[in-house]
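The structure appears right after this line, and notes come after that.
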Amino acid sequence: MIKRALESKLKAMAGKSPVIAVTGPRQSGKTTLVRAAFPGYKYVSLENLDTREFAMADPRLFLAEYPAPAIFDEIQRVPSLLSYIQTIVDETGRSGMYILTGSNNLMLLESVSQSLAGRVALLNLLPFSYAELAAAICRFIDQRHGSGGSIHFEAERYELAASFADDGNELVGFTWQFERSVFASA
């Protein structure tokens, strides 16, 4: 998994807030990020029709079946759950109880901010940044060529990155130019 810059903030917010909502465009990595950041949490996808119908039909039983700590993926599918989550959060008041994910949907953001006002930290995950991708490529090159995962500015590494860039890989070319500029200024 490519390390996401938002991961440390997500974990920090889980230590302060009872609910964390991670929104963002489809395929931006929300599910991958929250599952990697909170491996001990029960994961529930509300994309699954049976699960979604269960949550809509009997939200109290659903939340009893999937108690905190839990990840509810695609919460916009069952926005009515937010009021029930609010009740549970108000009764217990623990940090990091629920991690919610959903697409960048204005109605979802309004529902979350109204139902969970003062109880939720909202984070927005965008697709990979150049910095995240550059770091991933550097780690890949370092691991592949035996430097033990640390980033070294070695001629061999530059030659490899340059050869990828010469093959038309725009991102690797960007990364190589970025590293060269960092190395030159160091």
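Labeling convention for the structure tokens: chains A, B, ... as they appear, residues from 1 per chain, ligands from 1 in order of appearance.
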At a cut-off of 12 Å, using only C-alpha atoms, what residues contact segment 55-60 of chain A? Leave out same-chain residues fewer than 6 positions from it and give the result as a count of residues only. 23
Within segment 17-57 of chain A, find each residue whose DSSP state, derived from the backbone, is helix (DSSP H, G or I), and express the selection as a PyMOL selection string. chain A and resi 30-37+49-57
Would you save the residues from that selection as an mmCIF file, in the first residue's frame, using N, CA and C atoms?
data_model
loop_
_atom_site.group_PDB
_atom_site.id
_atom_site.type_symbol
_atom_site.label_atom_id
_atom_site.label_comp_id
_atom_site.auth_asym_id
_atom_site.auth_seq_id
_atom_site.Cartn_x
_atom_site.Cartn_y
_atom_site.Cartn_z
ATOM 1 N N LYS A 30 -10.180 5.586 0.136
ATOM 2 C CA LYS A 30 -10.751 5.734 1.482
ATOM 3 C C LYS A 30 -10.808 4.406 2.225
ATOM 4 N N THR A 31 -11.358 3.389 1.603
ATOM 5 C CA THR A 31 -11.501 2.081 2.252
ATOM 6 C C THR A 31 -10.137 1.484 2.574
ATOM 7 N N THR A 32 -9.235 1.512 1.634
ATOM 8 C CA THR A 32 -7.890 0.973 1.847
ATOM 9 C C THR A 32 -7.208 1.686 3.006
ATOM 10 N N LEU A 33 -7.320 3.002 3.038
ATOM 11 C CA LEU A 33 -6.681 3.785 4.097
ATOM 12 C C LEU A 33 -7.238 3.430 5.473
ATOM 13 N N VAL A 34 -8.555 3.451 5.637
ATOM 14 C CA VAL A 34 -9.112 3.221 6.975
ATOM 15 C C VAL A 34 -8.909 1.781 7.436
ATOM 16 N N ARG A 35 -8.975 0.840 6.524
ATOM 17 C CA ARG A 35 -8.742 -0.558 6.918
ATOM 18 C C ARG A 35 -7.284 -0.780 7.327
ATOM 19 N N ALA A 36 -6.361 -0.127 6.643
ATOM 20 C CA ALA A 36 -4.944 -0.261 7.006
ATOM 21 C C ALA A 36 -4.641 0.472 8.312
ATOM 22 N N ALA A 37 -5.259 1.610 8.516
ATOM 23 C CA ALA A 37 -4.991 2.411 9.714
ATOM 24 C C ALA A 37 -5.617 1.807 10.972
ATOM 25 N N LEU A 49 -25.831 -5.294 -0.415
ATOM 26 C CA LEU A 49 -27.278 -5.072 -0.345
ATOM 27 C C LEU A 49 -27.898 -5.681 0.907
ATOM 28 N N ASP A 50 -27.528 -6.896 1.267
ATOM 29 C CA ASP A 50 -28.097 -7.529 2.467
ATOM 30 C C ASP A 50 -27.728 -6.744 3.724
ATOM 31 N N THR A 51 -26.482 -6.327 3.805
ATOM 32 C CA THR A 51 -26.020 -5.559 4.958
ATOM 33 C C THR A 51 -26.749 -4.223 5.021
ATOM 34 N N ARG A 52 -26.880 -3.571 3.881
ATOM 35 C CA ARG A 52 -27.566 -2.278 3.814
ATOM 36 C C ARG A 52 -29.024 -2.420 4.234
ATOM 37 N N GLU A 53 -29.705 -3.456 3.741
ATOM 38 C CA GLU A 53 -31.113 -3.665 4.114
ATOM 39 C C GLU A 53 -31.252 -3.947 5.604
ATOM 40 N N PHE A 54 -30.320 -4.714 6.176
ATOM 41 C CA PHE A 54 -30.316 -4.982 7.613
ATOM 42 C C PHE A 54 -30.180 -3.668 8.392
ATOM 43 N N ALA A 55 -29.235 -2.817 7.977
ATOM 44 C CA ALA A 55 -29.011 -1.537 8.657
ATOM 45 C C ALA A 55 -30.236 -0.630 8.570
ATOM 46 N N MET A 56 -30.920 -0.650 7.438
ATOM 47 C CA MET A 56 -32.106 0.196 7.269
ATOM 48 C C MET A 56 -33.316 -0.360 8.022
ATOM 49 N N ALA A 57 -33.454 -1.680 8.018
ATOM 50 C CA ALA A 57 -34.620 -2.309 8.639
ATOM 51 C C ALA A 57 -34.577 -2.249 10.163
#
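Interatomic distance, atom CA of Phe62 of chain A against atom CA of Leu122 of chain A: 23.5 Å.
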From a DSSP pass on the backbone, collect the residues of segment 16-140 of chain A flagged as strand (DSSP E) and hand them back as a PyMOL selection string. chain A and resi 19-24+42-45+70-73+98-103+120-124
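Here the question is which of A:Ser28, A:Glu74, A:Thr92, A:Ala64 gets nearest to Arg4 of chain A using only C-alpha atoms, and that residue is A:Ser28.
Across A:Lys3, A:Gly15, A:Thr101, A:Thr23, the tightest approach to Ala136 of chain A is made by A:Lys3 when counting only C-alpha atoms.
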